[in-house]
$ cat coords_15.cif   # mmCIF, C-alpha atoms
data_model
loop_
_atom_site.group_PDB
_atom_site.id
_atom_site.type_symbol
_atom_site.label_atom_id
_atom_site.label_comp_id
_atom_site.auth_asym_id
_atom_site.auth_seq_id
_atom_site.Cartn_x
_atom_site.Cartn_y
_atom_site.Cartn_z
ATOM 1 C CA MET D 104 5.336 78.016 -171.324
ATOM 2 C CA GLN D 105 8.382 80.090 -170.351
ATOM 3 C CA ARG D 106 7.326 82.878 -172.722
ATOM 4 C CA SER D 107 3.807 82.869 -171.245
ATOM 5 C CA CYS D 108 5.201 83.155 -167.697
ATOM 6 C CA ARG D 109 7.355 86.123 -168.692
ATOM 7 C CA LEU D 110 4.413 87.847 -170.328
ATOM 8 C CA LEU D 111 2.277 87.323 -167.240
ATOM 9 C CA CYS D 112 5.037 88.652 -164.963
ATOM 10 C CA ALA D 113 5.451 91.720 -167.192
ATOM 11 C CA HIS D 114 1.705 92.333 -167.053
ATOM 12 C CA ALA D 115 1.696 91.925 -163.249
ATOM 13 C CA LYS D 116 4.572 94.410 -162.979
ATOM 14 C CA ASP D 117 2.702 96.976 -165.085
ATOM 15 C CA VAL D 118 -0.441 96.609 -162.971
ATOM 16 C CA LEU D 119 1.365 96.780 -159.623
ATOM 17 C CA CYS D 120 3.526 99.766 -160.589
ATOM 18 C CA SER D 121 0.663 101.686 -162.165
ATOM 19 C CA ASP D 122 -1.476 101.133 -159.055
ATOM 20 C CA ARG D 123 1.402 102.368 -156.882
ATOM 21 C CA ASP D 124 1.887 105.474 -159.019
ATOM 22 C CA ARG D 125 -1.850 106.163 -159.169
ATOM 23 C CA LEU D 126 -1.965 106.030 -155.379
ATOM 24 C CA LEU D 127 0.901 108.499 -155.008
ATOM 25 C CA TYR D 128 -0.607 110.886 -157.588
ATOM 26 C CA HIS D 129 -3.311 111.577 -155.010
ATOM 27 C CA TYR D 130 -0.707 113.426 -152.960
ATOM 28 C CA VAL D 131 2.040 114.828 -155.214
ATOM 29 C CA PRO D 132 2.235 115.941 -158.867
ATOM 30 C CA ASP D 133 5.677 114.378 -159.494
ATOM 31 C CA VAL D 134 5.576 110.716 -158.483
ATOM 32 C CA CYS D 135 8.971 109.846 -160.004
ATOM 33 C CA ALA D 136 10.667 112.504 -157.892
ATOM 34 C CA LEU D 137 8.954 111.226 -154.748
ATOM 35 C CA ILE D 138 10.036 107.640 -155.489
ATOM 36 C CA THR D 139 13.640 108.808 -155.970
ATOM 37 C CA VAL D 140 13.562 110.539 -152.573
ATOM 38 C CA LEU D 141 12.075 107.467 -150.895
ATOM 39 C CA VAL D 142 14.871 105.278 -152.272
ATOM 40 C CA ARG D 143 17.573 107.715 -151.162
ATOM 41 C CA THR D 144 16.242 107.937 -147.599
ATOM 42 C CA ARG D 145 15.083 104.277 -147.267
ATOM 43 C CA ALA D 146 11.556 105.470 -146.473
ATOM 44 C CA VAL D 147 8.315 103.524 -146.896
ATOM 45 C CA ILE D 148 4.617 104.320 -147.217
ATOM 46 C CA GLY D 149 2.385 103.098 -144.393
ATOM 47 C CA GLY D 150 -0.998 103.773 -142.815
ATOM 48 C CA PHE D 151 -4.282 103.564 -144.683
ATOM 49 C CA ALA D 152 -2.576 104.380 -147.996
ATOM 50 C CA ALA D 153 -0.595 101.126 -147.749
ATOM 51 C CA LEU D 154 -3.750 99.252 -146.729
ATOM 52 C CA SER D 155 -5.544 100.726 -149.737
ATOM 53 C CA TYR D 156 -2.789 99.392 -151.997
ATOM 54 C CA ILE D 157 -2.730 95.929 -150.432
ATOM 55 C CA LEU D 158 -6.503 95.546 -150.808
ATOM 56 C CA ARG D 159 -6.718 97.279 -154.199
ATOM 57 C CA ASP D 160 -9.436 99.479 -152.753
ATOM 58 C CA PRO D 161 -9.095 103.188 -153.655
ATOM 59 C CA SER D 162 -11.968 104.083 -151.316
ATOM 60 C CA LEU D 163 -9.665 103.329 -148.359
ATOM 61 C CA CYS D 164 -7.208 105.960 -149.543
ATOM 62 C CA PRO D 165 -7.094 108.763 -146.923
ATOM 63 C CA THR D 166 -6.486 112.471 -147.409
ATOM 64 C CA ASN D 167 -3.167 112.140 -145.548
ATOM 65 C CA LEU D 168 -0.177 110.105 -146.729
ATOM 66 C CA ASP D 169 1.932 108.532 -143.964
ATOM 67 C CA ILE D 170 5.642 108.149 -144.770
ATOM 68 C CA PHE D 171 7.964 106.399 -142.310
ATOM 69 C CA VAL D 172 11.725 106.928 -142.402
ATOM 70 C CA PRO D 173 14.746 105.764 -140.354
ATOM 71 C CA MET D 174 15.981 108.158 -137.694
ATOM 72 C CA SER D 175 19.249 108.997 -139.492
ATOM 73 C CA THR D 176 17.579 110.048 -142.773
ATOM 74 C CA GLY D 177 14.466 111.755 -141.425
ATOM 75 C CA ASN D 178 15.876 115.284 -141.647
ATOM 76 C CA LEU D 179 17.200 114.597 -145.144
ATOM 77 C CA LEU D 180 13.781 113.436 -146.339
ATOM 78 C CA VAL D 181 12.118 116.571 -144.978
ATOM 79 C CA GLN D 182 14.810 118.753 -146.570
ATOM 80 C CA LEU D 183 14.534 117.098 -150.003
ATOM 81 C CA LEU D 184 10.748 117.415 -150.060
ATOM 82 C CA HIS D 185 10.870 121.019 -148.875
ATOM 83 C CA GLU D 186 13.436 121.993 -151.544
ATOM 84 C CA ASP D 187 11.579 120.324 -154.422
ATOM 85 C CA HIS D 188 9.451 123.232 -155.626
ATOM 86 C CA ASN D 189 7.842 121.104 -158.343
ATOM 87 C CA GLN D 190 5.950 119.200 -155.642
ATOM 88 C CA HIS D 191 4.283 122.389 -154.325
ATOM 89 C CA LEU D 192 4.768 121.251 -150.711
ATOM 90 C CA GLN D 193 4.518 123.578 -147.747
ATOM 91 C CA ILE D 194 5.386 122.669 -144.166
ATOM 92 C CA VAL D 195 2.413 122.884 -141.825
ATOM 93 C CA PRO D 196 3.242 124.563 -138.483
ATOM 94 C CA PRO D 197 2.735 122.240 -135.508
ATOM 95 C CA SER D 198 -0.739 122.490 -134.030
ATOM 96 C CA PRO D 199 -0.924 123.717 -130.431
ATOM 97 C CA HIS D 200 -3.495 120.966 -129.833
ATOM 98 C CA PRO D 201 -2.480 118.040 -132.060
ATOM 99 C CA LEU D 202 -4.584 114.911 -132.235
ATOM 100 C CA PRO D 203 -2.675 112.413 -130.087
ATOM 101 C CA ARG D 204 -1.461 109.198 -131.674
ATOM 102 C CA PRO D 205 -1.745 105.792 -129.950
ATOM 103 C CA ALA D 206 0.755 105.511 -127.106
ATOM 104 C CA ILE D 207 2.448 102.424 -128.550
ATOM 105 C CA THR D 208 3.072 104.122 -131.907
ATOM 106 C CA ARG D 209 4.073 107.395 -130.292
ATOM 107 C CA ALA D 210 6.838 105.656 -128.313
ATOM 108 C CA VAL D 211 8.687 104.608 -131.496
ATOM 109 C CA ILE D 212 8.377 107.923 -133.381
ATOM 110 C CA ALA D 213 11.079 110.517 -132.737
ATOM 111 C CA ARG D 214 9.514 113.428 -134.624
ATOM 112 C CA THR D 215 6.748 114.267 -137.081
ATOM 113 C CA THR D 216 6.697 116.785 -139.923
ATOM 114 C CA THR D 217 3.582 117.507 -141.967
ATOM 115 C CA PHE D 218 3.413 118.976 -145.464
ATOM 116 C CA VAL D 219 0.408 120.190 -147.409
ATOM 117 C CA CYS D 220 0.463 119.951 -151.190
ATOM 118 C CA ARG D 221 -0.910 123.193 -152.637
ATOM 119 C CA SER D 222 -1.859 121.535 -155.946
ATOM 120 C CA THR D 223 -3.773 118.581 -154.490
ATOM 121 C CA GLY D 224 -4.892 119.913 -151.091
ATOM 122 C CA ARG D 225 -3.780 116.670 -149.447
ATOM 123 C CA THR D 226 -1.255 116.318 -146.643
ATOM 124 C CA ILE D 227 1.882 114.216 -146.138
ATOM 125 C CA SER D 228 3.116 113.275 -142.678
ATOM 126 C CA ILE D 229 6.773 112.291 -142.273
ATOM 127 C CA PHE D 230 7.297 110.058 -139.235
ATOM 128 C CA SER D 231 10.942 109.694 -138.249
ATOM 129 C CA SER D 232 11.472 106.436 -136.424
ATOM 130 C CA SER D 233 13.270 106.425 -133.091
ATOM 131 C CA SER D 234 15.544 103.704 -134.502
ATOM 132 C CA GLU D 235 17.340 102.855 -137.749
ATOM 133 C CA THR D 236 14.362 101.038 -139.268
ATOM 134 C CA ALA D 237 11.358 102.713 -140.830
ATOM 135 C CA LEU D 238 9.332 99.571 -140.148
ATOM 136 C CA GLU D 239 9.325 99.822 -136.337
ATOM 137 C CA PRO D 240 6.421 102.324 -136.121
ATOM 138 C CA ILE D 241 4.469 100.279 -138.677
ATOM 139 C CA ALA D 242 4.955 97.070 -136.683
ATOM 140 C CA SER D 243 3.732 99.011 -133.621
ATOM 141 C CA ALA D 244 0.397 99.935 -135.207
ATOM 142 C CA PRO D 245 -2.604 99.537 -132.876
ATOM 143 C CA VAL D 246 -4.350 97.148 -135.303
ATOM 144 C CA THR D 247 -2.947 94.465 -137.617
ATOM 145 C CA ALA D 248 -4.822 96.015 -140.560
ATOM 146 C CA LEU D 249 -2.175 98.778 -140.540
ATOM 147 C CA VAL D 250 0.872 96.500 -140.366
ATOM 148 C CA ASN D 251 1.559 97.042 -144.075
ATOM 149 C CA TRP D 252 4.029 99.075 -146.116
ATOM 150 C CA LEU D 253 5.145 99.744 -149.654
ATOM 151 C CA SER D 254 8.497 100.991 -150.895
ATOM 152 C CA PRO D 255 9.621 101.919 -154.412
ATOM 153 C CA HIS D 256 10.627 98.276 -155.072
ATOM 154 C CA THR D 257 8.717 96.046 -152.673
ATOM 155 C CA PHE D 258 5.635 95.896 -150.471
ATOM 156 C CA GLY D 259 4.657 93.895 -147.423
ATOM 157 C CA CYS D 260 1.730 92.825 -145.281
ATOM 158 C CA GLY D 261 2.206 91.444 -141.778
ATOM 159 C CA TYR D 262 -1.078 89.515 -141.552
ATOM 160 C CA PRO D 263 -2.279 88.685 -145.092
ATOM 161 C CA VAL D 264 -4.669 85.896 -144.024
ATOM 162 C CA LEU D 265 -6.552 88.490 -141.979
ATOM 163 C CA THR D 266 -6.048 91.704 -143.945
ATOM 164 C CA LEU D 267 -6.981 90.277 -147.346
ATOM 165 C CA ASN D 268 -10.229 89.074 -145.756
ATOM 166 C CA ARG D 269 -10.873 92.461 -144.088
ATOM 167 C CA ARG D 270 -10.158 91.248 -140.585
ATOM 168 C CA SER D 271 -7.958 92.781 -137.928
ATOM 169 C CA ILE D 272 -6.684 92.034 -134.433
ATOM 170 C CA VAL D 273 -6.402 94.842 -131.886
ATOM 171 C CA ARG D 274 -3.163 95.384 -129.991
ATOM 172 C CA LEU D 275 -3.719 95.503 -126.200
ATOM 173 C CA PRO D 276 -3.630 97.316 -123.893
ATOM 174 C CA LEU D 277 -4.558 100.400 -125.898
ATOM 175 C CA GLY D 278 -5.935 102.856 -123.400
ATOM 176 C CA PHE D 279 -8.242 105.609 -124.620
ATOM 177 C CA ASP D 280 -7.061 107.687 -127.561
ATOM 178 C CA LEU D 281 -9.066 109.897 -129.912
ATOM 179 C CA SER D 282 -6.985 108.811 -132.906
ATOM 180 C CA LEU D 283 -8.049 105.216 -132.285
ATOM 181 C CA ILE D 284 -11.681 106.208 -132.747
ATOM 182 C CA ARG D 285 -10.808 107.486 -136.219
ATOM 183 C CA ILE D 286 -8.986 104.251 -137.056
ATOM 184 C CA PHE D 287 -11.802 101.971 -135.893
ATOM 185 C CA THR D 288 -14.446 104.132 -137.566
ATOM 186 C CA HIS D 289 -12.587 104.063 -140.886
ATOM 187 C CA LEU D 290 -12.182 100.281 -140.691
ATOM 188 C CA ALA D 291 -15.850 99.784 -139.830
ATOM 189 C CA ARG D 292 -16.932 101.901 -142.810
ATOM 190 C CA HIS D 293 -15.016 99.538 -145.063
ATOM 191 C CA ASP D 294 -16.506 96.338 -143.657
ATOM 192 C CA PHE D 295 -13.601 95.271 -141.447
ATOM 193 C CA SER D 296 -14.233 92.799 -138.656
ATOM 194 C CA VAL D 297 -12.091 93.630 -135.611
ATOM 195 C CA LYS D 298 -11.440 91.193 -132.759
ATOM 196 C CA VAL D 299 -9.234 91.180 -129.680
ATOM 197 C CA GLU D 300 -8.253 87.514 -130.116
ATOM 198 C CA PRO D 301 -8.089 85.622 -133.448
ATOM 199 C CA HIS D 302 -9.907 82.521 -132.224
ATOM 200 C CA ARG D 303 -13.025 84.703 -131.804
ATOM 201 C CA TRP D 304 -13.624 84.207 -135.529
ATOM 202 C CA ALA D 305 -15.435 80.888 -135.796
ATOM 203 C CA ASP D 306 -13.414 79.591 -138.750
ATOM 204 C CA TRP D 307 -10.165 80.074 -136.819
ATOM 205 C CA GLY D 308 -11.535 79.030 -133.447
ATOM 206 C CA CYS D 309 -12.543 75.625 -134.801
ATOM 207 C CA ARG D 310 -8.910 74.866 -135.713
ATOM 208 C CA VAL D 311 -7.666 74.836 -132.122
ATOM 209 C CA SER D 312 -8.746 73.235 -128.895
ATOM 210 C CA PRO D 313 -10.448 75.640 -126.488
ATOM 211 C CA SER D 314 -8.443 76.831 -123.520
ATOM 212 C CA GLN D 315 -9.035 74.936 -120.301
ATOM 213 C CA THR D 316 -8.417 78.021 -118.178
ATOM 214 C CA ALA D 317 -10.040 81.447 -118.278
ATOM 215 C CA TRP D 318 -6.701 83.293 -118.083
ATOM 216 C CA GLN D 319 -5.326 81.752 -121.285
ATOM 217 C CA GLN D 320 -6.360 81.894 -124.948
ATOM 218 C CA PRO D 321 -5.953 79.172 -127.615
ATOM 219 C CA CYS D 322 -2.673 79.425 -129.530
ATOM 220 C CA LEU D 323 -2.737 79.889 -133.314
ATOM 221 C CA ARG D 324 1.038 79.871 -133.707
ATOM 222 C CA THR D 325 0.905 77.329 -136.543
ATOM 223 C CA TRP D 326 -0.878 79.930 -138.701
ATOM 224 C CA TYR D 327 1.252 82.857 -137.434
ATOM 225 C CA LEU D 328 -1.770 84.409 -135.753
ATOM 226 C CA CYS D 329 -0.879 84.048 -132.084
ATOM 227 C CA PRO D 330 -0.704 87.593 -130.605
ATOM 228 C CA ASP D 331 2.181 86.517 -128.313
ATOM 229 C CA GLN D 332 4.206 85.130 -131.217
ATOM 230 C CA GLY D 333 7.322 86.917 -132.457
ATOM 231 C CA ARG D 334 6.956 88.006 -136.099
ATOM 232 C CA PHE D 335 9.031 89.698 -138.789
ATOM 233 C CA PHE D 336 8.452 90.756 -142.390
ATOM 234 C CA GLY D 337 9.634 87.810 -144.448
ATOM 235 C CA ASP D 338 8.473 85.002 -142.160
ATOM 236 C CA PRO D 339 6.027 82.437 -143.614
ATOM 237 C CA GLY D 340 3.051 84.237 -142.078
ATOM 238 C CA SER D 341 3.748 87.531 -143.859
ATOM 239 C CA LEU D 342 3.448 88.673 -147.449
ATOM 240 C CA VAL D 343 6.549 90.340 -148.876
ATOM 241 C CA THR D 344 7.051 90.647 -152.607
ATOM 242 C CA THR D 345 8.301 92.904 -155.390
ATOM 243 C CA TYR D 346 6.523 94.689 -158.200
ATOM 244 C CA ASP D 347 8.850 93.007 -160.706
ATOM 245 C CA LEU D 348 9.254 89.337 -159.808
ATOM 246 C CA LEU D 349 11.820 88.648 -162.541
ATOM 247 C CA GLY D 350 13.695 91.925 -162.894
ATOM 248 C CA THR D 351 14.267 93.088 -159.302
ATOM 249 C CA ASP D 352 17.877 92.760 -158.136
ATOM 250 C CA LEU D 353 17.453 91.482 -154.580
ATOM 251 C CA HIS D 354 21.208 91.608 -153.970
ATOM 252 C CA ASN D 355 21.186 95.308 -154.796
ATOM 253 C CA LEU D 356 18.252 95.886 -152.422
ATOM 254 C CA ARG D 357 20.318 94.293 -149.664
ATOM 255 C CA LEU D 358 23.303 96.525 -150.444
ATOM 256 C CA LEU D 359 21.092 99.634 -150.399
ATOM 257 C CA HIS D 360 19.326 98.496 -147.185
ATOM 258 C CA GLN D 361 15.951 98.880 -148.846
ATOM 259 C CA ALA D 362 12.985 97.365 -146.987
ATOM 260 C CA PRO D 363 12.675 94.617 -145.898
ATOM 261 C CA TYR D 364 16.485 94.330 -145.870
ATOM 262 C CA GLY D 365 18.952 96.216 -143.699
ATOM 263 C CA VAL D 366 17.737 96.922 -140.178
ATOM 264 C CA ALA D 367 14.384 95.176 -139.918
ATOM 265 C CA VAL D 368 11.936 94.753 -137.071
ATOM 266 C CA ALA D 369 10.528 91.919 -134.983
ATOM 267 C CA TRP D 370 7.282 92.365 -133.094
ATOM 268 C CA ARG D 371 4.474 90.733 -131.187
ATOM 269 C CA LEU D 372 0.978 92.081 -130.591
ATOM 270 C CA TRP D 373 0.730 91.315 -126.885
ATOM 271 C CA THR D 374 -2.592 90.661 -125.211
ATOM 272 C CA ILE D 375 -3.994 90.568 -121.714
ATOM 273 C CA ARG D 376 -4.426 86.776 -121.776
ATOM 274 C CA PRO D 377 -1.314 84.689 -122.627
ATOM 275 C CA CYS D 378 -1.689 81.808 -125.056
ATOM 276 C CA THR D 379 -1.814 78.169 -123.991
ATOM 277 C CA SER D 380 1.625 77.526 -125.545
ATOM 278 C CA LEU D 381 3.253 80.349 -123.572
ATOM 279 C CA CYS D 382 4.785 81.863 -126.722
ATOM 280 C CA THR D 383 6.195 84.822 -124.808
ATOM 281 C CA LEU D 384 8.510 82.485 -122.865
ATOM 282 C CA ARG D 385 9.638 80.256 -125.750
ATOM 283 C CA ASP D 386 9.726 82.631 -128.686
ATOM 284 C CA PRO D 387 13.056 82.539 -130.627
ATOM 285 C CA PHE D 388 12.821 86.175 -131.812
ATOM 286 C CA LEU D 389 11.694 88.352 -128.927
ATOM 287 C CA PRO D 390 12.518 88.225 -125.211
ATOM 288 C CA GLN D 391 9.657 88.103 -122.774
ATOM 289 C CA ASN D 392 7.855 91.456 -122.250
ATOM 290 C CA VAL D 393 9.329 92.944 -125.453
ATOM 291 C CA THR D 394 6.731 93.948 -128.046
ATOM 292 C CA VAL D 395 8.865 95.498 -130.802
ATOM 293 C CA LEU D 396 12.596 95.381 -131.491
ATOM 294 C CA PRO D 397 14.873 96.492 -134.365
ATOM 295 C CA VAL D 398 16.735 93.432 -135.647
ATOM 296 C CA ILE D 399 19.031 92.327 -138.440
ATOM 297 C CA VAL D 400 17.919 89.008 -139.916
ATOM 298 C CA ILE D 401 21.041 87.126 -141.026
ATOM 299 C CA GLU D 402 20.811 85.315 -144.383
ATOM 300 C CA GLN D 403 17.183 86.296 -144.808
ATOM 301 C CA THR D 404 15.680 85.330 -148.159
ATOM 302 C CA LEU D 405 12.802 87.373 -149.477
ATOM 303 C CA GLN D 406 9.790 85.080 -149.586
ATOM 304 C CA LEU D 407 7.875 86.001 -152.713
ATOM 305 C CA ARG D 408 4.197 85.451 -152.080
ATOM 306 C CA VAL D 409 1.344 85.496 -154.562
ATOM 307 C CA MET D 410 -1.514 87.807 -153.595
ATOM 308 C CA ILE D 411 -4.773 85.810 -153.662
#

$ encode --input "coords_15.cif" --output "structure tokens"
Amino acid sequence: MQRSCRLLCAHAKDVLCSDRDRLLYHYVPDVCALITVLVRTRAVIGGFAALSYILRDPSLCPTNLDIFVPMSTGNLLVQLLHEDHNQHLQIVPPSPHPLPRPAITRAVIARTTTFVCRSTGRTISIFSSSSETALEPIASAPVTALVNWLSPHTFGCGYPVLTLNRRSIVRLPLGFDLSLIRIFTHLARHDFSVKVEPHRWADWGCRVSPSQTAWQQPCLRTWYLCPDQGRFFGDPGSLVTTYDLLGTDLHNLRLLHQAPYGVAVAWRLWTIRPCTSLCTLRDPFLPQNVTVLPVIVIEQTLQLRVMI
């Protein structure tokens, strides 16, 4: 039995790592070099590329790779990529009329640098966080379908019960933004169901009592789906795991401050209608009116979750 478990874990590692490398080969010719740079700068992959990996759906893979990096190592990441001539990367001059990003995401990004790979024709955007965690911009995504990331050693999904079923909650208030139209259009093309409140899906709405007042929404805190609820990568409602369940040195990841260790992030989605349990007032992670916050989780244990 023990031998069978080890063989299965080795097979799972091979599949997960090969899928990761195949994803990155869309953007750069030297994947090993890119992984080395990501480790050195504590950067992670986000956006639709991370969603494509989580869902094992190559059709979701975009032409642009989003890389998120802590504020202190952002310049180093750009420098290392620019100096690696084997990657055939060229910095794209800033557009005089760039497509604006959602206001919530824009507030937690200090600077953006875009490369184009001459050998693949695809682009790479480096988003330097305004704090010491690369996960803050990801946790600030306008939809839960994009609250995912993958690093050289681990990967995470903020809302697996929704994302793995192609469902997503919208963060409010959004305002009008052209980039949001692209996000919603891409999700719709891949059969995503998007709601403002999770109880709008019948199978989740039947699990809670309806709100007695029009200004409140039913609370799904028990299932980690309440928009007002404070969340972090590693809580029971998230999916955080490694490519190598048996061989990954978690202690070493902590020492190197590799995601999800080191400076992490806590967040809530925030909605117009508060929940019936008033999670914003009683939440143990986030103060009232705070939507995203860099945090250090003391004695956090990585909860290894099976993807089903």

$ resolve_selection --input "coords_15.cif" --expression "the PyMOL selection byres ((chain D and resi 138) around 10)" --output "list in words"
Asp124, Leu127, Asp133, Val134, Cys135, Ala136, Leu137, Thr139, Val140, Leu141, Val142, Arg143, Ala146, Val147, Ser254, Pro255 and His256 of chain D

$ residues_near_point --input "coords_15.cif" --point "(15.4, 99.0, -147.3)" --cutoff "12 Å" --atoms "all atoms listed in the file" --output "PDB file with C-alpha atoms, in the coordinates of the input"
ATOM      1  CA  LEU D 141      12.075 107.467-150.895  1.00  0.00           C
ATOM      2  CA  VAL D 142      14.871 105.278-152.272  1.00  0.00           C
ATOM      3  CA  ARG D 143      17.573 107.715-151.162  1.00  0.00           C
ATOM      4  CA  THR D 144      16.242 107.937-147.599  1.00  0.00           C
ATOM      5  CA  ARG D 145      15.083 104.277-147.267  1.00  0.00           C
ATOM      6  CA  ALA D 146      11.556 105.470-146.473  1.00  0.00           C
ATOM      7  CA  VAL D 147       8.315 103.524-146.896  1.00  0.00           C
ATOM      8  CA  PHE D 171       7.964 106.399-142.310  1.00  0.00           C
ATOM      9  CA  VAL D 172      11.725 106.928-142.402  1.00  0.00           C
ATOM     10  CA  PRO D 173      14.746 105.764-140.354  1.00  0.00           C
ATOM     11  CA  GLU D 235      17.340 102.855-137.749  1.00  0.00           C
ATOM     12  CA  THR D 236      14.362 101.038-139.268  1.00  0.00           C
ATOM     13  CA  ALA D 237      11.358 102.713-140.830  1.00  0.00           C
ATOM     14  CA  LEU D 238       9.332  99.571-140.148  1.00  0.00           C
ATOM     15  CA  TRP D 252       4.029  99.075-146.116  1.00  0.00           C
ATOM     16  CA  LEU D 253       5.145  99.744-149.654  1.00  0.00           C
ATOM     17  CA  SER D 254       8.497 100.991-150.895  1.00  0.00           C
ATOM     18  CA  PRO D 255       9.621 101.919-154.412  1.00  0.00           C
ATOM     19  CA  HIS D 256      10.627  98.276-155.072  1.00  0.00           C
ATOM     20  CA  THR D 257       8.717  96.046-152.673  1.00  0.00           C
ATOM     21  CA  PHE D 258       5.635  95.896-150.471  1.00  0.00           C
ATOM     22  CA  GLY D 259       4.657  93.895-147.423  1.00  0.00           C
ATOM     23  CA  PHE D 336       8.452  90.756-142.390  1.00  0.00           C
ATOM     24  CA  LEU D 353      17.453  91.482-154.580  1.00  0.00           C
ATOM     25  CA  HIS D 354      21.208  91.608-153.970  1.00  0.00           C
ATOM     26  CA  ASN D 355      21.186  95.308-154.796  1.00  0.00           C
ATOM     27  CA  LEU D 356      18.252  95.886-152.422  1.00  0.00           C
ATOM     28  CA  ARG D 357      20.318  94.293-149.664  1.00  0.00           C
ATOM     29  CA  LEU D 358      23.303  96.525-150.444  1.00  0.00           C
ATOM     30  CA  LEU D 359      21.092  99.634-150.399  1.00  0.00           C
ATOM     31  CA  HIS D 360      19.326  98.496-147.185  1.00  0.00           C
ATOM     32  CA  GLN D 361      15.951  98.880-148.846  1.00  0.00           C
ATOM     33  CA  ALA D 362      12.985  97.365-146.987  1.00  0.00           C
ATOM     34  CA  PRO D 363      12.675  94.617-145.898  1.00  0.00           C
ATOM     35  CA  TYR D 364      16.485  94.330-145.870  1.00  0.00           C
ATOM     36  CA  GLY D 365      18.952  96.216-143.699  1.00  0.00           C
ATOM     37  CA  VAL D 366      17.737  96.922-140.178  1.00  0.00           C
ATOM     38  CA  ALA D 367      14.384  95.176-139.918  1.00  0.00           C
ATOM     39  CA  VAL D 368      11.936  94.753-137.071  1.00  0.00           C
ATOM     40  CA  ILE D 399      19.031  92.327-138.440  1.00  0.00           C
TER      41      ILE D 399
END

$ residues_around --input "coords_15.cif" --residues "segment 339-348 of chain D" --least-positions-apart "4" --cutoff "9 Å" --atoms "only C-alpha atoms" --output "ChimeraX atom specification"
/D:112-113,115-120,255-264,326-328,334-335,363,405-410

$ resolve_selection --input "coords_15.cif" --expression "the PyMOL selection byres ((chain D and resi 156) around 10)" --output "list of chain:residue names"
D:Leu119, D:Asp122, D:Arg123, D:Arg125, D:Leu126, D:Gly149, D:Phe151, D:Ala152, D:Ala153, D:Leu154, D:Ser155, D:Ile157, D:Leu158, D:Arg159, D:Asp160, D:Pro161, D:Leu163, D:Cys164, D:Asn251, D:Trp252, D:Leu253, D:Phe258

$ write_last_selection --input "coords_15.cif" --atoms "C-alpha atoms" --output "PDB file, in the coordinates of the input"
ATOM      1  CA  LEU D 119       1.365  96.780-159.623  1.00  0.00           C
ATOM      2  CA  ASP D 122      -1.476 101.133-159.055  1.00  0.00           C
ATOM      3  CA  ARG D 123       1.402 102.368-156.882  1.00  0.00           C
ATOM      4  CA  ARG D 125      -1.850 106.163-159.169  1.00  0.00           C
ATOM      5  CA  LEU D 126      -1.965 106.030-155.379  1.00  0.00           C
ATOM      6  CA  GLY D 149       2.385 103.098-144.393  1.00  0.00           C
ATOM      7  CA  PHE D 151      -4.282 103.564-144.683  1.00  0.00           C
ATOM      8  CA  ALA D 152      -2.576 104.380-147.996  1.00  0.00           C
ATOM      9  CA  ALA D 153      -0.595 101.126-147.749  1.00  0.00           C
ATOM     10  CA  LEU D 154      -3.750  99.252-146.729  1.00  0.00           C
ATOM     11  CA  SER D 155      -5.544 100.726-149.737  1.00  0.00           C
ATOM     12  CA  ILE D 157      -2.730  95.929-150.432  1.00  0.00           C
ATOM     13  CA  LEU D 158      -6.503  95.546-150.808  1.00  0.00           C
ATOM     14  CA  ARG D 159      -6.718  97.279-154.199  1.00  0.00           C
ATOM     15  CA  ASP D 160      -9.436  99.479-152.753  1.00  0.00           C
ATOM     16  CA  PRO D 161      -9.095 103.188-153.655  1.00  0.00           C
ATOM     17  CA  LEU D 163      -9.665 103.329-148.359  1.00  0.00           C
ATOM     18  CA  CYS D 164      -7.208 105.960-149.543  1.00  0.00           C
ATOM     19  CA  ASN D 251       1.559  97.042-144.075  1.00  0.00           C
ATOM     20  CA  TRP D 252       4.029  99.075-146.116  1.00  0.00           C
ATOM     21  CA  LEU D 253       5.145  99.744-149.654  1.00  0.00           C
ATOM     22  CA  PHE D 258       5.635  95.896-150.471  1.00  0.00           C
TER      23      PHE D 258
END

$ resolve_selection --input "coords_15.cif" --expression "the PyMOL selection byres ((chain D and resi 213) around 12)" --output "mmCIF file with C-alpha atoms, in the coordinates of the input"
data_model
loop_
_atom_site.group_PDB
_atom_site.id
_atom_site.type_symbol
_atom_site.label_atom_id
_atom_site.label_comp_id
_atom_site.auth_asym_id
_atom_site.auth_seq_id
_atom_site.Cartn_x
_atom_site.Cartn_y
_atom_site.Cartn_z
ATOM 1 C CA PHE D 171 7.964 106.399 -142.310
ATOM 2 C CA VAL D 172 11.725 106.928 -142.402
ATOM 3 C CA PRO D 173 14.746 105.764 -140.354
ATOM 4 C CA MET D 174 15.981 108.158 -137.694
ATOM 5 C CA SER D 175 19.249 108.997 -139.492
ATOM 6 C CA THR D 176 17.579 110.048 -142.773
ATOM 7 C CA GLY D 177 14.466 111.755 -141.425
ATOM 8 C CA ASN D 178 15.876 115.284 -141.647
ATOM 9 C CA THR D 208 3.072 104.122 -131.907
ATOM 10 C CA ARG D 209 4.073 107.395 -130.292
ATOM 11 C CA ALA D 210 6.838 105.656 -128.313
ATOM 12 C CA VAL D 211 8.687 104.608 -131.496
ATOM 13 C CA ILE D 212 8.377 107.923 -133.381
ATOM 14 C CA ARG D 214 9.514 113.428 -134.624
ATOM 15 C CA THR D 215 6.748 114.267 -137.081
ATOM 16 C CA THR D 216 6.697 116.785 -139.923
ATOM 17 C CA ILE D 229 6.773 112.291 -142.273
ATOM 18 C CA PHE D 230 7.297 110.058 -139.235
ATOM 19 C CA SER D 231 10.942 109.694 -138.249
ATOM 20 C CA SER D 232 11.472 106.436 -136.424
ATOM 21 C CA SER D 233 13.270 106.425 -133.091
ATOM 22 C CA SER D 234 15.544 103.704 -134.502
ATOM 23 C CA GLU D 235 17.340 102.855 -137.749
ATOM 24 C CA THR D 236 14.362 101.038 -139.268
ATOM 25 C CA ALA D 237 11.358 102.713 -140.830
ATOM 26 C CA GLU D 239 9.325 99.822 -136.337
ATOM 27 C CA PRO D 240 6.421 102.324 -136.121
#
